[in-house]
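Listing of my_file-v4.txt; format and content: compact mmCIF, C-alpha atoms.
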# COMPACT_ATOMS: atom_id res chain seq x y z
CA MET A 787 3.38 17.51 -25.85
CA ILE A 788 6.31 17.75 -23.42
CA GLN A 789 5.28 16.91 -19.88
CA SER A 790 6.91 18.25 -16.73
CA THR A 791 7.63 16.84 -13.31
CA PRO A 792 4.62 16.83 -10.96
CA GLN A 793 4.28 19.61 -8.40
CA LEU A 794 5.36 18.28 -5.02
CA ILE A 795 4.77 20.72 -2.16
CA GLY A 796 6.57 20.69 1.15
CA GLU A 797 9.55 22.01 3.08
CA ALA A 798 9.78 19.53 5.95
CA PRO A 799 13.26 17.93 6.24
CA ALA A 800 11.84 14.39 6.01
CA TRP A 801 9.99 15.27 2.80
CA LEU A 802 12.97 17.06 1.24
CA ASP A 803 15.17 14.06 2.08
CA ALA A 804 12.73 11.81 0.20
CA LEU A 805 12.77 14.13 -2.84
CA ASP A 806 16.58 14.19 -2.79
CA HIS A 807 16.52 10.38 -2.74
CA VAL A 808 14.27 10.41 -5.82
CA SER A 809 16.59 12.81 -7.65
CA ARG A 810 19.59 10.58 -6.96
CA LEU A 811 17.78 7.45 -8.17
CA ALA A 812 16.07 8.90 -11.24
CA PRO A 813 19.10 8.69 -13.61
CA LEU A 814 19.79 5.06 -12.64
CA ASP A 815 17.91 2.73 -14.96
CA ARG A 816 16.97 0.24 -12.24
CA PRO A 817 13.74 -0.86 -10.52
CA VAL A 818 12.61 1.22 -7.54
CA LEU A 819 10.20 0.38 -4.73
CA VAL A 820 8.15 3.22 -3.21
CA ILE A 821 6.69 2.57 0.24
CA GLY A 822 4.31 4.77 2.18
CA GLU A 823 0.95 4.99 3.88
CA ARG A 824 -2.14 5.66 1.79
CA GLY A 825 -2.33 9.23 0.58
CA THR A 826 1.39 10.03 0.97
CA GLY A 827 1.98 10.64 -2.75
CA LYS A 828 3.50 7.37 -3.99
CA GLU A 829 2.17 7.82 -7.52
CA LEU A 830 3.53 11.38 -7.69
CA ILE A 831 6.93 10.06 -6.66
CA GLY A 832 6.71 7.45 -9.44
CA GLU A 833 6.00 10.22 -11.93
CA ARG A 834 8.93 12.25 -10.63
CA LEU A 835 11.25 9.27 -11.03
CA HIS A 836 10.16 8.97 -14.65
CA PHE A 837 10.34 12.63 -15.66
CA LEU A 838 13.75 13.12 -14.06
CA SER A 839 15.13 10.04 -15.84
CA ARG A 840 16.54 9.59 -19.33
CA ARG A 841 13.23 7.98 -20.24
CA TRP A 842 11.27 11.20 -19.67
CA GLU A 843 10.20 11.45 -23.32
CA GLY A 844 8.85 7.89 -23.26
CA PRO A 845 5.46 6.76 -21.92
CA PHE A 846 4.62 6.69 -18.22
CA VAL A 847 2.07 3.91 -17.68
CA LYS A 848 0.22 3.35 -14.39
CA VAL A 849 -1.52 0.18 -13.21
CA ASN A 850 -3.36 -0.37 -9.92
CA CYS A 851 -2.80 -4.05 -9.17
CA ALA A 852 -5.46 -4.09 -6.42
CA ALA A 853 -8.22 -3.02 -8.81
CA LEU A 854 -8.06 -6.15 -11.00
CA SER A 855 -8.56 -9.89 -10.55
CA GLU A 856 -5.70 -12.30 -11.28
CA ASP A 857 -6.68 -12.99 -14.92
CA LEU A 858 -7.54 -9.36 -15.64
CA LEU A 859 -4.27 -8.14 -14.12
CA ASP A 860 -2.33 -10.70 -16.16
CA SER A 861 -4.08 -9.51 -19.32
CA GLU A 862 -3.71 -5.83 -18.39
CA LEU A 863 0.02 -6.14 -17.81
CA PHE A 864 1.07 -8.58 -20.51
CA GLY A 865 -1.80 -8.51 -23.01
CA HIS A 866 -3.74 -11.49 -24.35
CA GLU A 867 -4.27 -13.44 -27.53
CA ARG A 868 -7.60 -13.93 -29.19
CA GLY A 869 -9.54 -16.70 -27.43
CA ALA A 870 -7.36 -16.62 -24.31
CA PHE A 871 -10.52 -16.39 -22.20
CA THR A 872 -14.23 -15.82 -22.61
CA GLY A 873 -14.75 -12.44 -24.23
CA ALA A 874 -11.23 -12.21 -25.69
CA THR A 875 -12.35 -11.68 -29.29
CA GLU A 876 -9.12 -10.09 -30.48
CA ARG A 877 -5.47 -9.71 -29.56
CA ARG A 878 -4.75 -6.95 -27.05
CA ALA A 879 -1.45 -5.28 -26.18
CA GLY A 880 -0.55 -5.17 -22.48
CA ARG A 881 0.79 -2.29 -20.43
CA PHE A 882 4.38 -3.55 -20.62
CA GLU A 883 4.12 -3.41 -24.39
CA LEU A 884 2.60 0.09 -24.28
CA ALA A 885 5.28 1.30 -21.83
CA ASP A 886 8.19 0.18 -24.04
CA GLY A 887 10.94 2.80 -23.82
CA GLY A 888 9.40 4.40 -20.74
CA THR A 889 8.39 3.59 -17.17
CA ILE A 890 5.62 1.42 -15.76
CA PHE A 891 4.30 2.18 -12.27
CA LEU A 892 2.64 -0.73 -10.45
CA ASP A 893 0.64 0.48 -7.47
CA GLU A 894 -0.37 -1.94 -4.68
CA ILE A 895 2.17 -4.50 -5.94
CA ALA A 896 1.66 -6.61 -2.80
CA THR A 897 -1.81 -7.65 -4.03
CA ALA A 898 -0.49 -9.34 -7.19
CA SER A 899 -1.03 -13.12 -7.31
CA SER A 900 1.79 -15.66 -7.31
CA ARG A 901 1.33 -16.28 -11.03
CA VAL A 902 1.56 -12.59 -11.87
CA GLN A 903 4.55 -12.22 -9.54
CA GLU A 904 6.32 -15.01 -11.41
CA LYS A 905 5.76 -13.28 -14.76
CA LEU A 906 6.87 -9.96 -13.28
CA LEU A 907 10.08 -11.59 -12.08
CA ARG A 908 10.94 -12.70 -15.60
CA VAL A 909 10.15 -9.36 -17.24
CA VAL A 910 12.20 -7.48 -14.62
CA GLU A 911 15.14 -9.89 -14.92
CA TYR A 912 15.19 -10.51 -18.68
CA GLY A 913 12.75 -8.06 -20.25
CA GLU A 914 10.76 -11.04 -21.58
CA TYR A 915 7.09 -11.98 -21.26
CA GLN A 916 4.26 -13.80 -23.00
CA ARG A 917 0.74 -12.63 -23.63
CA LEU A 918 -2.02 -14.47 -21.80
CA GLY A 919 -2.88 -17.47 -23.98
CA GLY A 920 0.16 -16.96 -26.19
CA GLU A 921 3.37 -18.88 -26.79
CA LYS A 922 5.55 -16.25 -28.49
CA VAL A 923 8.16 -14.65 -26.23
CA LEU A 924 8.05 -10.87 -26.47
CA THR A 925 10.62 -8.35 -25.23
CA THR A 926 10.26 -4.90 -23.74
CA ASP A 927 12.56 -2.13 -22.52
CA VAL A 928 10.79 -0.76 -19.46
CA ARG A 929 11.86 0.67 -16.13
CA LEU A 930 9.70 -0.64 -13.29
CA ALA A 931 8.61 1.41 -10.28
CA ALA A 932 6.37 -0.36 -7.80
CA ALA A 933 4.53 0.93 -4.74
CA THR A 934 2.92 -0.52 -1.66
CA ASN A 935 1.66 0.52 1.77
CA VAL A 936 2.68 -2.75 3.47
CA ASP A 937 6.01 -4.15 4.66
CA LEU A 938 7.07 -6.51 1.88
CA PRO A 939 9.88 -8.25 3.85
CA THR A 940 7.23 -9.32 6.36
CA ARG A 941 5.05 -10.57 3.49
CA VAL A 942 8.03 -12.58 2.22
CA ALA A 943 8.59 -14.07 5.68
CA ASN A 944 4.90 -15.08 5.79
CA GLY A 945 5.05 -16.66 2.34
CA GLN A 946 2.77 -14.00 0.82
CA PHE A 947 5.29 -12.46 -1.57
CA ARG A 948 8.13 -13.91 -3.63
CA ALA A 949 11.54 -13.24 -2.10
CA ASP A 950 13.28 -13.32 -5.51
CA LEU A 951 10.87 -10.72 -6.92
CA LEU A 952 11.44 -8.47 -3.91
CA ASP A 953 15.18 -8.78 -4.47
CA ARG A 954 14.74 -7.56 -8.07
CA LEU A 955 12.35 -4.75 -7.21
CA ALA A 956 14.31 -3.38 -4.28
CA PHE A 957 17.39 -2.10 -6.08
CA ASP A 958 16.58 0.85 -3.85
CA VAL A 959 13.62 1.74 -1.66
CA ILE A 960 12.04 5.17 -1.16
CA THR A 961 10.01 5.36 2.05
CA LEU A 962 7.73 8.39 2.22
CA PRO A 963 7.07 10.15 5.54
CA PRO A 964 3.45 10.37 6.72
CA LEU A 965 1.89 13.82 6.89
CA ARG A 966 1.95 13.84 10.70
CA ALA A 967 5.77 13.79 10.48
CA ARG A 968 5.91 16.80 8.17
CA GLY A 969 5.11 19.57 10.68
CA ASP A 970 4.41 22.91 9.03
CA ASP A 971 3.85 21.31 5.62
CA ILE A 972 0.27 20.76 6.81
CA SER A 973 -0.61 24.46 6.71
CA LEU A 974 1.38 24.93 3.51
CA LEU A 975 -0.51 22.15 1.74
CA ALA A 976 -3.88 23.23 3.14
CA ASP A 977 -3.28 26.75 1.85
CA PHE A 978 -2.35 25.38 -1.59
CA PHE A 979 -5.47 23.21 -1.86
CA ALA A 980 -7.77 25.98 -0.63
CA ARG A 981 -6.34 28.52 -3.08
CA ARG A 982 -6.66 26.07 -5.93
CA LEU A 983 -10.33 25.51 -5.08
CA CYS A 984 -10.92 29.27 -4.92
CA ARG A 985 -9.34 29.70 -8.35
CA GLU A 986 -11.77 27.11 -9.70
CA LEU A 987 -14.65 29.00 -8.10
CA ARG A 988 -13.18 32.33 -9.30
CA VAL A 989 -13.25 33.87 -5.85
CA ASP A 990 -10.55 35.27 -3.57
CA PHE A 991 -9.27 33.06 -0.79
CA PRO A 992 -9.66 34.92 2.54
CA GLY A 993 -7.11 32.70 4.31
CA PHE A 994 -7.44 30.22 7.14
CA ALA A 995 -8.17 31.50 10.63
CA PRO A 996 -5.79 30.21 13.35
CA SER A 997 -8.49 27.90 14.72
CA ALA A 998 -8.61 26.07 11.37
CA ILE A 999 -4.80 25.90 11.16
CA THR A 1000 -4.59 24.65 14.75
CA ALA A 1001 -7.17 21.94 14.05
CA MET A 1002 -5.35 20.74 10.97
CA GLU A 1003 -1.87 20.88 12.49
CA THR A 1004 -2.84 18.83 15.54
CA TYR A 1005 -4.89 16.17 13.71
CA HIS A 1006 -3.19 12.81 13.08
CA TRP A 1007 -4.23 12.45 9.37
CA PRO A 1008 -4.59 8.70 8.82
CA GLY A 1009 -5.38 9.46 5.17
CA ASN A 1010 -2.37 11.79 4.87
CA VAL A 1011 -2.24 14.40 2.06
CA ARG A 1012 -5.31 13.03 0.27
CA GLU A 1013 -7.39 13.41 3.43
CA LEU A 1014 -5.96 16.89 4.10
CA ARG A 1015 -6.91 18.01 0.59
CA ASN A 1016 -10.51 16.94 1.17
CA VAL A 1017 -10.70 18.66 4.55
CA ALA A 1018 -9.08 21.92 3.36
CA GLU A 1019 -11.34 22.13 0.32
CA ARG A 1020 -14.47 21.10 2.23
CA MET A 1021 -13.83 23.57 5.06
CA THR A 1022 -13.15 26.35 2.55
CA ALA A 1023 -16.23 25.61 0.44
CA ARG A 1024 -18.51 25.62 3.49
CA ALA A 1025 -17.02 28.84 4.83
CA LEU A 1026 -17.29 30.63 1.48
CA SER A 1027 -20.98 29.76 1.23
CA GLU A 1028 -21.66 31.33 4.65
CA ALA A 1029 -19.20 34.22 4.95
CA PRO A 1030 -17.13 34.59 1.76
CA GLU A 1031 -15.03 37.52 2.99
CA GLU A 1032 -14.12 36.17 6.43
CA PRO A 1033 -11.19 33.87 7.22
CA VAL A 1034 -12.02 30.17 7.12
CA ARG A 1035 -12.56 29.13 10.73
CA PHE A 1036 -12.50 25.68 12.34
CA ASP A 1037 -15.48 23.52 11.38
CA ALA A 1038 -15.81 20.20 13.18
CA ALA A 1039 -18.23 18.89 10.55
CA ALA A 1040 -15.71 19.67 7.80
CA MET A 1041 -13.02 17.70 9.63
CA ASP A 1042 -15.26 14.62 9.69
CA PRO A 1043 -18.13 14.69 7.15
CA PHE A 1044 -19.55 11.49 8.65
CA GLU A 1045 -20.02 13.06 12.08
CA SER A 1046 -23.74 13.17 12.87
CA PRO A 1047 -26.03 12.31 15.80
CA TRP A 1048 -27.83 10.00 13.34
CA ARG A 1049 -24.72 8.17 12.14
CA PRO A 1050 -25.46 4.43 11.68
CA GLN A 1051 -23.79 1.98 14.04
CA ASN A 1052 -23.09 -1.40 12.39
CA GLY A 1053 -25.69 -0.67 9.76
CA ARG A 1054 -28.34 0.48 12.26
CA LEU A 1055 -28.91 3.54 14.38
CA ALA A 1056 -27.94 2.75 17.95
CA PRO A 1057 -30.76 4.04 20.21
CA SER A 1058 -28.27 5.05 22.92
CA SER A 1059 -26.40 7.25 20.43
CA ILE A 1060 -29.45 9.36 19.49
CA PRO A 1061 -29.49 12.52 21.62
CA ALA A 1062 -32.68 14.27 22.60
CA GLN A 1063 -31.51 17.34 20.69
CA ALA A 1064 -28.81 17.44 18.07
CA SER A 1065 -26.00 19.87 18.83
CA PRO A 1066 -22.66 20.57 17.15
CA ALA A 1067 -19.61 18.89 18.58
CA SER A 1068 -17.34 20.93 20.80
CA PRO A 1069 -13.97 21.65 19.14
CA ALA A 1070 -12.22 20.00 22.07
CA ASP A 1071 -14.19 16.79 21.46
CA GLN A 1072 -12.14 16.26 18.30
CA TYR A 1073 -8.88 16.08 20.29
CA ARG A 1074 -9.58 14.11 23.44
CA GLY A 1075 -6.35 12.75 24.86
CA ASP A 1076 -4.29 15.75 23.72
CA PHE A 1077 -4.84 18.43 26.35
CA GLU A 1078 -2.63 21.11 24.81
CA ALA A 1079 -4.13 20.71 21.35
CA ALA A 1080 -7.66 20.83 22.75
CA VAL A 1081 -6.92 24.01 24.73
CA ARG A 1082 -5.23 25.68 21.76
CA LEU A 1083 -8.14 24.83 19.49
CA PHE A 1084 -10.70 26.05 22.03
CA GLU A 1085 -8.89 29.36 22.58
CA THR A 1086 -8.27 30.06 18.88
CA SER A 1087 -11.90 29.27 18.09
CA LEU A 1088 -13.05 31.83 20.66
CA ILE A 1089 -10.58 34.43 19.38
CA ASP A 1090 -11.57 33.89 15.75
CA GLN A 1091 -15.26 34.24 16.60
CA ALA A 1092 -14.64 37.42 18.63
CA LEU A 1093 -12.58 38.99 15.86
CA SER A 1094 -15.22 38.09 13.32
CA ASP A 1095 -18.03 39.57 15.43
CA SER A 1096 -16.02 42.76 16.00
CA GLY A 1097 -15.01 43.21 12.38
CA GLY A 1098 -11.35 42.58 13.25
CA HIS A 1099 -11.21 45.29 15.92
CA GLN A 1100 -8.96 43.84 18.62
CA GLY A 1101 -10.14 46.16 21.41
CA ASN A 1102 -13.78 45.22 20.88
CA ALA A 1103 -12.87 41.54 20.54
CA ALA A 1104 -11.06 41.72 23.89
CA LYS A 1105 -14.12 43.30 25.54
CA ALA A 1106 -16.39 40.62 24.06
CA LEU A 1107 -14.22 37.94 25.68
CA GLY A 1108 -14.04 39.79 29.01
CA LEU A 1109 -10.31 40.39 28.63
CA THR A 1110 -8.12 43.44 28.84
CA TYR A 1111 -6.49 44.61 25.63
CA HIS A 1112 -3.07 43.41 26.85
CA GLN A 1113 -4.46 39.99 27.82
CA PHE A 1114 -5.97 39.66 24.37
CA ARG A 1115 -2.72 40.69 22.69
CA GLY A 1116 -0.94 38.09 24.80
CA LEU A 1117 -3.26 35.42 23.43
CA LEU A 1118 -2.62 36.58 19.87
CA LYS A 1119 1.12 36.26 20.47
CA LYS A 1120 0.72 32.90 22.20
CA HIS A 1121 -1.13 31.45 19.19
CA ASP A 1122 1.05 33.13 16.54
CA TYR A 1123 -1.66 35.18 14.86
CA GLY A 1124 -0.13 36.54 11.70
CA ARG A 1125 1.94 33.41 11.04
CA LYS A 1126 2.00 32.56 7.36
CA ALA A 1127 1.15 29.12 6.01
CA GLY A 1128 4.09 26.76 6.23
CA LYS A 1129 6.00 28.84 8.80
CA LYS A 1130 6.99 27.53 12.19
CA ARG A 1131 5.30 28.66 15.38
CA GLU A 1132 6.89 31.25 17.69
CA GLU A 1133 9.38 32.70 15.24
CA PRO A 1134 12.12 34.54 17.16
CA GLY A 1135 11.92 38.32 16.98
CA GLN A 1136 8.42 38.45 15.52
CA ASP A 1137 6.49 41.42 16.90
CA ILE A 1138 2.80 40.57 16.98
CA ALA A 1139 1.92 44.24 17.45
CA ASN A 1140 3.20 45.00 13.96
CA THR A 1141 1.94 41.82 12.30
CA PRO A 1142 -1.47 41.75 10.58
CA ILE A 1143 -3.84 39.05 11.71
CA ARG A 1144 -4.00 36.21 9.22
CA GLY A 1145 -6.91 36.62 6.85
CA MET A 1146 -8.08 39.88 8.39
The structure given in the file should be rewritten as structure tokens.
Amino acid sequence: MIQSTPQLIGEAPAWLDALDHVSRLAPLDRPVLVIGERGTGKELIGERLHFLSRRWEGPFVKVNCAALSEDLLDSELFGHERGAFTGATERRAGRFELADGGTIFLDEIATASSRVQEKLLRVVEYGEYQRLGGEKVLTTDVRLAAATNVDLPTRVANGQFRADLLDRLAFDVITLPPLRARGDDISLLADFFARRLCRELRVDFPGFAPSAITAMETYHWPGNVRELRNVAERMTARALSEAPEEPVRFDAAAMDPFESPWRPQNGRLAPSSIPAQASPASPADQYRGDFEAAVRLFETSLIDQALSDSGGHQGNAAKALGLTYHQFRGLLKKHDYGRKAGKKREEPGQDIANTPIRGM
């Protein structure tokens, strides 16, 4: 079956620059190093390199170097002969053998041992390797793409990674931007993940309310796209179970599923952390230190709740908040109600009076 390039979503300049870099490198049959924080899509970039290359009809083989011990990684990559170690009852082909004619993607390359690094150096340089416990020299025609979330030159300087292997791997380096540097891609990706979940559940997606978008766009996302996917899907699933036809509003518990008054501290419940009565966290509590984000989240949460209670009637929502109709409309314009996922805030010339409220 013919496979296609993976779907990579985003319109931020930093992300598009990275994709352009991949497209330029893909036809060049040389090793590539992909660097980025956890959850930034390094494996997807490795797949894109393969499927845009002349090797696209060959195998694409993935190995997580951090998931295996030294001997197991050696055996996984290069194979082993019968009797090479306890339990090796028969000869086994390694991933380099299986990837012949295609691409091998080594994730978390920085965790590989010195012995494995030495064997990688030879296979990258000469296309030669030996199975664990074997003497016969085997050859393979494989393009190598490796990934890491650490700075390898620093590891080399500290004696933790071979300088000659880094020289071979880094024909070119693709550094992926973190999600916090991708601006409006956050709402675009959240919308994609939520809609995909709704398709699985066979329900319509009512859209994200501005409070949810504000919360996601102002969060720092240490887990990047992987963390965003979990939050978008979790927030959507919880909202659908409570009010399936209303826009998905901000949910502090969905942003951090570990948040609880009974959360263990160092393996034990800290007595000082147990309140007399459990109460949900204030939206602003999630963004201490960022005054503007906290205010925007607080205001959009109030607006979303008022619109929900009034069935989307703006006049009644304004009365519920103790505001005049024009004050309420000013708040809608201030917070870009009606802005579509992935679009920038405060688009010039947009008339909020003629724009439907998102999800309403």
Determine the nearest neighbour of Leu924 in chain A from the options A:Arg908, A:Arg1020, A:Arg840, A:His807, counting only C-alpha atoms. A:Arg908
For CA of His1099 in chain A and CA of His1112 in chain A, determine how far apart the two atoms are, in Å to one decimal place.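 Pair CA of His1099 in chain A / CA of His1112 in chain A returns 13.8 Å.
Closest approach to Pro996 in chain A from the set A:Ala1018, A:Gln903, A:Tyr1123, A:Leu1088 is made by A:Tyr1123, with distances taken over only C-alpha atoms.
Atom to atom, CA of Asp971 in chain A and CA of Ala933 in chain A stand 22.9 Å apart.
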Which neighbours of Ala995 in chain A fall inside 12 Å, counting all atoms listed in the file, when residues of the same chain fewer than 6 positions from it are skipped, and could you give them as a ChimeraX atom specification? /A:973,976-977,1001-1002,1021-1022,1025,1031-1037,1083,1086-1094,1098,1118,1121-1127,1143-1146
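Between Asp927 in chain A and the candidates A:Phe947, A:Phe1084, A:Tyr912, A:Phe871, the tightest atom-to-atom separation, counting only C-alpha atoms, involves A:Tyr912.
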